[in-house]
>>> print(open('data_20.cif').read())   # mmCIF, N, CA and C atoms
data_my_file
#
loop_
_atom_site.label_atom_id
_atom_site.label_comp_id
_atom_site.auth_asym_id
_atom_site.auth_seq_id
_atom_site.Cartn_x
_atom_site.Cartn_y
_atom_site.Cartn_z
N MET C 26 -73.40 108.67 39.96
CA MET C 26 -73.52 107.29 40.37
C MET C 26 -73.88 106.43 39.16
N GLU C 27 -73.25 105.26 39.08
CA GLU C 27 -73.43 104.37 37.94
C GLU C 27 -74.76 103.63 38.04
N ASN C 28 -75.48 103.56 36.92
CA ASN C 28 -76.74 102.83 36.87
C ASN C 28 -76.44 101.42 36.36
N ASN C 29 -76.60 100.43 37.22
CA ASN C 29 -76.32 99.06 36.82
C ASN C 29 -77.58 98.19 36.84
N SER C 30 -78.74 98.80 36.68
CA SER C 30 -80.00 98.07 36.76
C SER C 30 -80.18 97.09 35.60
N ASN C 31 -79.44 97.25 34.52
CA ASN C 31 -79.55 96.34 33.38
C ASN C 31 -78.60 95.16 33.49
N LEU C 32 -77.77 95.12 34.51
CA LEU C 32 -76.82 94.03 34.68
C LEU C 32 -77.49 92.80 35.28
N PRO C 33 -76.98 91.59 34.96
CA PRO C 33 -77.52 90.39 35.60
C PRO C 33 -77.31 90.45 37.11
N VAL C 34 -78.23 89.85 37.85
CA VAL C 34 -78.15 89.84 39.31
C VAL C 34 -77.60 88.49 39.77
N ILE C 35 -76.61 88.52 40.63
CA ILE C 35 -76.08 87.33 41.28
C ILE C 35 -76.40 87.48 42.77
N TYR C 36 -77.13 86.51 43.31
CA TYR C 36 -77.46 86.55 44.73
C TYR C 36 -76.37 85.84 45.52
N ILE C 37 -75.89 86.50 46.55
CA ILE C 37 -74.87 85.94 47.41
C ILE C 37 -75.51 84.81 48.22
N PRO C 38 -74.88 83.62 48.24
CA PRO C 38 -75.45 82.51 49.03
C PRO C 38 -75.62 82.90 50.50
N THR C 39 -76.56 82.25 51.16
CA THR C 39 -76.86 82.60 52.55
C THR C 39 -75.68 82.33 53.48
N ASN C 40 -74.78 81.41 53.13
CA ASN C 40 -73.62 81.13 53.98
C ASN C 40 -72.43 82.04 53.65
N ALA C 41 -72.60 82.95 52.71
CA ALA C 41 -71.53 83.86 52.29
C ALA C 41 -71.87 85.29 52.74
N HIS C 42 -70.87 86.17 52.63
CA HIS C 42 -71.11 87.56 53.00
C HIS C 42 -70.11 88.47 52.27
N LYS C 43 -70.49 89.72 52.14
CA LYS C 43 -69.60 90.72 51.54
C LYS C 43 -68.40 90.90 52.46
N VAL C 44 -67.23 91.05 51.86
CA VAL C 44 -66.02 91.35 52.62
C VAL C 44 -65.38 92.61 52.04
N ALA C 45 -64.46 93.18 52.79
CA ALA C 45 -63.81 94.41 52.35
C ALA C 45 -63.02 94.17 51.06
N ASP C 46 -63.13 95.11 50.14
CA ASP C 46 -62.35 95.04 48.91
C ASP C 46 -60.89 95.29 49.22
N SER C 47 -60.02 94.81 48.34
CA SER C 47 -58.59 95.03 48.51
C SER C 47 -58.06 95.79 47.29
N PRO C 48 -56.84 96.30 47.36
CA PRO C 48 -56.30 97.02 46.20
C PRO C 48 -56.31 96.11 44.97
N GLY C 49 -56.88 96.58 43.92
CA GLY C 49 -56.93 95.81 42.68
C GLY C 49 -58.16 94.93 42.54
N TRP C 50 -58.91 94.72 43.62
CA TRP C 50 -60.08 93.84 43.59
C TRP C 50 -61.29 94.54 44.20
N GLN C 51 -62.49 94.23 43.68
CA GLN C 51 -63.73 94.80 44.20
C GLN C 51 -64.83 93.75 44.16
N ASN C 52 -66.01 94.09 44.65
CA ASN C 52 -67.15 93.17 44.70
C ASN C 52 -66.78 91.87 45.41
N SER C 53 -66.06 91.98 46.51
CA SER C 53 -65.53 90.81 47.21
C SER C 53 -66.59 90.12 48.06
N VAL C 54 -66.62 88.79 47.95
CA VAL C 54 -67.57 87.96 48.68
C VAL C 54 -66.80 86.83 49.36
N GLY C 55 -67.01 86.64 50.65
CA GLY C 55 -66.38 85.55 51.38
C GLY C 55 -67.29 84.34 51.41
N ILE C 56 -66.74 83.20 51.01
CA ILE C 56 -67.50 81.95 50.99
C ILE C 56 -66.76 80.94 51.86
N PRO C 57 -67.42 80.42 52.90
CA PRO C 57 -66.74 79.44 53.76
C PRO C 57 -66.53 78.10 53.05
N SER C 58 -65.41 77.47 53.33
CA SER C 58 -65.12 76.14 52.80
C SER C 58 -66.14 75.13 53.32
N GLU C 59 -66.47 74.15 52.50
CA GLU C 59 -67.39 73.09 52.92
C GLU C 59 -66.69 72.05 53.78
N THR C 60 -65.34 72.01 53.74
CA THR C 60 -64.62 70.94 54.42
C THR C 60 -63.62 71.41 55.47
N SER C 61 -63.36 72.71 55.55
CA SER C 61 -62.41 73.22 56.54
C SER C 61 -62.92 74.56 57.08
N GLY C 62 -62.17 75.18 57.92
CA GLY C 62 -62.56 76.46 58.47
C GLY C 62 -62.13 77.65 57.63
N ARG C 63 -61.62 77.39 56.44
CA ARG C 63 -61.14 78.47 55.58
C ARG C 63 -62.28 79.32 55.00
N LEU C 64 -61.94 80.56 54.71
CA LEU C 64 -62.86 81.46 54.03
C LEU C 64 -62.22 81.82 52.70
N TYR C 65 -62.88 81.48 51.61
CA TYR C 65 -62.38 81.82 50.27
C TYR C 65 -63.04 83.11 49.83
N VAL C 66 -62.27 83.95 49.18
CA VAL C 66 -62.79 85.24 48.72
C VAL C 66 -62.86 85.24 47.20
N ILE C 67 -64.05 85.48 46.70
CA ILE C 67 -64.27 85.68 45.27
C ILE C 67 -64.38 87.18 45.07
N ALA C 68 -63.69 87.69 44.04
CA ALA C 68 -63.71 89.14 43.80
C ALA C 68 -63.50 89.41 42.32
N GLN C 69 -63.80 90.63 41.93
CA GLN C 69 -63.65 91.08 40.55
C GLN C 69 -62.43 91.99 40.45
N ARG C 70 -61.55 91.67 39.50
CA ARG C 70 -60.36 92.49 39.28
C ARG C 70 -60.79 93.85 38.72
N LYS C 71 -60.27 94.92 39.29
CA LYS C 71 -60.67 96.27 38.88
C LYS C 71 -60.25 96.60 37.45
N THR C 72 -59.10 96.09 37.01
CA THR C 72 -58.61 96.44 35.68
C THR C 72 -59.22 95.60 34.57
N SER C 73 -59.17 94.29 34.68
CA SER C 73 -59.64 93.42 33.59
C SER C 73 -61.12 93.08 33.70
N ARG C 74 -61.72 93.30 34.89
CA ARG C 74 -63.13 93.04 35.18
C ARG C 74 -63.47 91.56 35.24
N GLY C 75 -62.45 90.68 35.21
CA GLY C 75 -62.66 89.25 35.37
C GLY C 75 -62.73 88.89 36.84
N TRP C 76 -63.20 87.68 37.12
CA TRP C 76 -63.40 87.22 38.49
C TRP C 76 -62.33 86.23 38.89
N GLY C 77 -61.96 86.26 40.17
CA GLY C 77 -60.97 85.35 40.70
C GLY C 77 -61.37 84.87 42.09
N CYS C 78 -60.65 83.87 42.58
CA CYS C 78 -60.93 83.29 43.89
C CYS C 78 -59.61 83.04 44.61
N SER C 79 -59.66 83.04 45.92
CA SER C 79 -58.45 82.82 46.71
C SER C 79 -58.17 81.34 46.95
N CYS C 80 -58.99 80.44 46.39
CA CYS C 80 -58.78 79.01 46.61
C CYS C 80 -57.64 78.47 45.74
N ARG C 81 -57.13 77.32 46.14
CA ARG C 81 -56.01 76.69 45.45
C ARG C 81 -56.35 76.35 44.00
N GLY C 82 -57.57 75.91 43.72
CA GLY C 82 -57.97 75.57 42.35
C GLY C 82 -57.85 76.75 41.41
N TRP C 83 -58.32 77.91 41.87
CA TRP C 83 -58.24 79.08 40.99
C TRP C 83 -56.80 79.57 40.87
N ILE C 84 -56.07 79.58 41.97
CA ILE C 84 -54.70 80.06 41.93
C ILE C 84 -53.86 79.20 40.98
N ARG C 85 -54.04 77.89 41.02
CA ARG C 85 -53.24 76.99 40.18
C ARG C 85 -53.77 76.84 38.76
N HIS C 86 -55.10 76.78 38.60
CA HIS C 86 -55.67 76.42 37.30
C HIS C 86 -56.62 77.46 36.71
N ARG C 87 -56.88 78.52 37.45
CA ARG C 87 -57.82 79.56 37.02
C ARG C 87 -59.22 79.02 36.78
N HIS C 88 -59.60 78.03 37.61
CA HIS C 88 -60.94 77.45 37.56
C HIS C 88 -61.26 76.91 38.96
N CYS C 89 -62.46 77.20 39.45
CA CYS C 89 -62.82 76.67 40.77
C CYS C 89 -64.33 76.53 40.91
N LYS C 90 -64.72 75.72 41.89
CA LYS C 90 -66.14 75.47 42.11
C LYS C 90 -66.85 76.66 42.74
N HIS C 91 -66.11 77.53 43.42
CA HIS C 91 -66.72 78.69 44.07
C HIS C 91 -67.23 79.69 43.03
N ILE C 92 -66.43 79.94 42.02
CA ILE C 92 -66.84 80.84 40.93
C ILE C 92 -67.97 80.19 40.13
N ALA C 93 -67.84 78.90 39.86
CA ALA C 93 -68.89 78.19 39.11
C ALA C 93 -70.21 78.19 39.87
N ALA C 94 -70.17 78.07 41.20
CA ALA C 94 -71.39 78.05 42.00
C ALA C 94 -72.16 79.37 41.90
N LEU C 95 -71.44 80.47 41.69
CA LEU C 95 -72.10 81.77 41.52
C LEU C 95 -72.47 82.04 40.06
N ARG C 96 -72.17 81.07 39.21
CA ARG C 96 -72.45 81.18 37.76
C ARG C 96 -71.68 82.34 37.12
N LEU C 97 -70.47 82.53 37.59
CA LEU C 97 -69.58 83.52 36.99
C LEU C 97 -68.66 82.80 36.01
N PRO C 98 -68.24 83.46 34.93
CA PRO C 98 -67.38 82.78 33.96
C PRO C 98 -65.97 82.54 34.51
N ALA C 99 -65.40 81.40 34.15
CA ALA C 99 -64.03 81.07 34.54
C ALA C 99 -63.05 81.72 33.57
N GLY C 100 -61.79 81.57 33.84
CA GLY C 100 -60.76 82.04 32.92
C GLY C 100 -60.59 83.54 32.89
N GLU C 101 -60.99 84.22 33.94
CA GLU C 101 -60.82 85.67 34.06
C GLU C 101 -61.51 86.47 32.95
N GLN C 102 -62.62 85.95 32.43
CA GLN C 102 -63.38 86.67 31.42
C GLN C 102 -64.08 87.86 32.07
N PRO C 103 -64.05 89.03 31.44
CA PRO C 103 -64.77 90.17 32.00
C PRO C 103 -66.27 89.87 32.06
N TYR C 104 -66.88 90.21 33.19
CA TYR C 104 -68.32 89.95 33.35
C TYR C 104 -68.84 90.87 34.44
N GLU C 105 -69.75 91.73 34.07
CA GLU C 105 -70.34 92.69 35.01
C GLU C 105 -71.64 92.16 35.57
N VAL C 106 -71.82 92.27 36.87
CA VAL C 106 -73.04 91.81 37.54
C VAL C 106 -73.40 92.76 38.68
N GLN C 107 -74.61 92.60 39.18
CA GLN C 107 -75.03 93.22 40.44
C GLN C 107 -74.98 92.12 41.50
N LEU C 108 -74.27 92.33 42.57
CA LEU C 108 -74.27 91.37 43.68
C LEU C 108 -75.30 91.82 44.70
N LYS C 109 -76.18 90.91 45.10
CA LYS C 109 -77.22 91.23 46.07
C LYS C 109 -77.29 90.14 47.12
N GLU C 110 -77.54 90.56 48.35
CA GLU C 110 -77.76 89.61 49.42
C GLU C 110 -79.23 89.22 49.42
N ARG C 111 -79.48 87.97 49.73
CA ARG C 111 -80.89 87.52 49.82
C ARG C 111 -81.51 88.16 51.05
N SER C 112 -82.75 88.59 50.91
CA SER C 112 -83.42 89.22 52.04
C SER C 112 -84.38 88.27 52.70
#
>>> encode(input="data_20.cif", output="structure tokens")
Amino acid sequence: MENNSNLPVIYIPTNAHKVADSPGWQNSVGIPSETSGRLYVIAQRKTSRGWGCSCRGWIRHRHCKHIAALRLPAGEQPYEVQLKERS
């Protein structure tokens, strides 16, 4: 088992939750839209280790407020973290 205790901790917002990973993506978190009923998924690419989002901003421009809100780097930069739910 991998020891990731030295990695930075990112706390999942209270309105978000872990979602099932998909092929090619892991550490998936669902974040509800502030203006619609959509659920955006932020996840880490398994190969490059960069982060992405399912929102239109990230798909078109590789930058979005959902990734920024979690303080993850934009532009698909590799970044390892521990994701934790607030207790």
>>> resolve_selection(input="data_20.cif", expression="the PyMOL selection byres (((chain C and resi 39 and name CA) around 12) and name CA)", output="ChimeraX atom specification")
/C:36-38,40-43,54-57,109-112
>>> resolve_selection(input="data_20.cif", expression="the PyMOL selection byres ((chain C and resi 79-83) around 8)", output="VMD selection string")
chain C and resid 64 to 68 77 to 78 84 to 91
>>> write_last_selection(input="data_20.cif", atoms="N, CA and C atoms", output="mmCIF file, in the coordinates of the input")
data_model
loop_
_atom_site.group_PDB
_atom_site.id
_atom_site.type_symbol
_atom_site.label_atom_id
_atom_site.label_comp_id
_atom_site.auth_asym_id
_atom_site.auth_seq_id
_atom_site.Cartn_x
_atom_site.Cartn_y
_atom_site.Cartn_z
ATOM 1 N N LEU C 64 -61.940 80.560 54.710
ATOM 2 C CA LEU C 64 -62.860 81.460 54.030
ATOM 3 C C LEU C 64 -62.220 81.820 52.700
ATOM 4 N N TYR C 65 -62.880 81.480 51.610
ATOM 5 C CA TYR C 65 -62.380 81.820 50.270
ATOM 6 C C TYR C 65 -63.040 83.110 49.830
ATOM 7 N N VAL C 66 -62.270 83.950 49.180
ATOM 8 C CA VAL C 66 -62.790 85.240 48.720
ATOM 9 C C VAL C 66 -62.860 85.240 47.200
ATOM 10 N N ILE C 67 -64.050 85.480 46.700
ATOM 11 C CA ILE C 67 -64.270 85.680 45.270
ATOM 12 C C ILE C 67 -64.380 87.180 45.070
ATOM 13 N N ALA C 68 -63.690 87.690 44.040
ATOM 14 C CA ALA C 68 -63.710 89.140 43.800
ATOM 15 C C ALA C 68 -63.500 89.410 42.320
ATOM 16 N N GLY C 77 -61.960 86.260 40.170
ATOM 17 C CA GLY C 77 -60.970 85.350 40.700
ATOM 18 C C GLY C 77 -61.370 84.870 42.090
ATOM 19 N N CYS C 78 -60.650 83.870 42.580
ATOM 20 C CA CYS C 78 -60.930 83.290 43.890
ATOM 21 C C CYS C 78 -59.610 83.040 44.610
ATOM 22 N N ILE C 84 -56.070 79.580 41.970
ATOM 23 C CA ILE C 84 -54.700 80.060 41.930
ATOM 24 C C ILE C 84 -53.860 79.200 40.980
ATOM 25 N N ARG C 85 -54.040 77.890 41.020
ATOM 26 C CA ARG C 85 -53.240 76.990 40.180
ATOM 27 C C ARG C 85 -53.770 76.840 38.760
ATOM 28 N N HIS C 86 -55.100 76.780 38.600
ATOM 29 C CA HIS C 86 -55.670 76.420 37.300
ATOM 30 C C HIS C 86 -56.620 77.460 36.710
ATOM 31 N N ARG C 87 -56.880 78.520 37.450
ATOM 32 C CA ARG C 87 -57.820 79.560 37.020
ATOM 33 C C ARG C 87 -59.220 79.020 36.780
ATOM 34 N N HIS C 88 -59.600 78.030 37.610
ATOM 35 C CA HIS C 88 -60.940 77.450 37.560
ATOM 36 C C HIS C 88 -61.260 76.910 38.960
ATOM 37 N N CYS C 89 -62.460 77.200 39.450
ATOM 38 C CA CYS C 89 -62.820 76.670 40.770
ATOM 39 C C CYS C 89 -64.330 76.530 40.910
ATOM 40 N N LYS C 90 -64.720 75.720 41.890
ATOM 41 C CA LYS C 90 -66.140 75.470 42.110
ATOM 42 C C LYS C 90 -66.850 76.660 42.740
ATOM 43 N N HIS C 91 -66.110 77.530 43.420
ATOM 44 C CA HIS C 91 -66.720 78.690 44.070
ATOM 45 C C HIS C 91 -67.230 79.690 43.030
#
>>> closest_residue(input="data_20.cif", among="C:Val106, C:Ala93, C:Ala99, C:Ala45", to="Pro33 of chain C", atoms="all atoms listed in the file")
C:Val106
>>> atom_distance(input="data_20.cif", atom1="atom CA of Asn31 of chain C", atom2="atom CA of Gly49 of chain C")
24.5 Å
>>> select_by_dssp(input="data_20.cif", residues="chain C", states="helix (DSSP H, G or I)", output="VMD selection string")
chain C and resid 81 to 86 90 to 94
>>> closest_residue(input="data_20.cif", among="C:Ser30, C:Gly75, C:Arg70, C:Thr60", to="Ser47 of chain C", atoms="only C-alpha atoms")
C:Arg70
>>> select_by_dssp(input="data_20.cif", residues="chain C", states="strand (DSSP E or B)", output="list in words")
Val34, Ile35, Tyr36, Ile37, His42, Lys43, Trp50, Gln51, Asn52, Ser53, Val54, Gly55, Ile56, Pro57, Leu64, Tyr65, Val66, Ile67, Ala68, Gln69, Arg70, Trp76, Gly77, Cys78, Gln107, Leu108, Lys109 and Glu110 of chain C
>>> atom_distance(input="data_20.cif", atom1="atom CA of Pro98 of chain C", atom2="atom CA of Glu59 of chain C")
21.3 Å
>>> atom_distance(input="data_20.cif", atom1="atom CA of Ile35 of chain C", atom2="atom CA of Ser73 of chain C")
19.1 Å
>>> closest_residue(input="data_20.cif", among="C:Gln69, C:Trp76, C:Leu32, C:Leu95", to="Asn52 of chain C", atoms="all atoms listed in the file")
C:Gln69
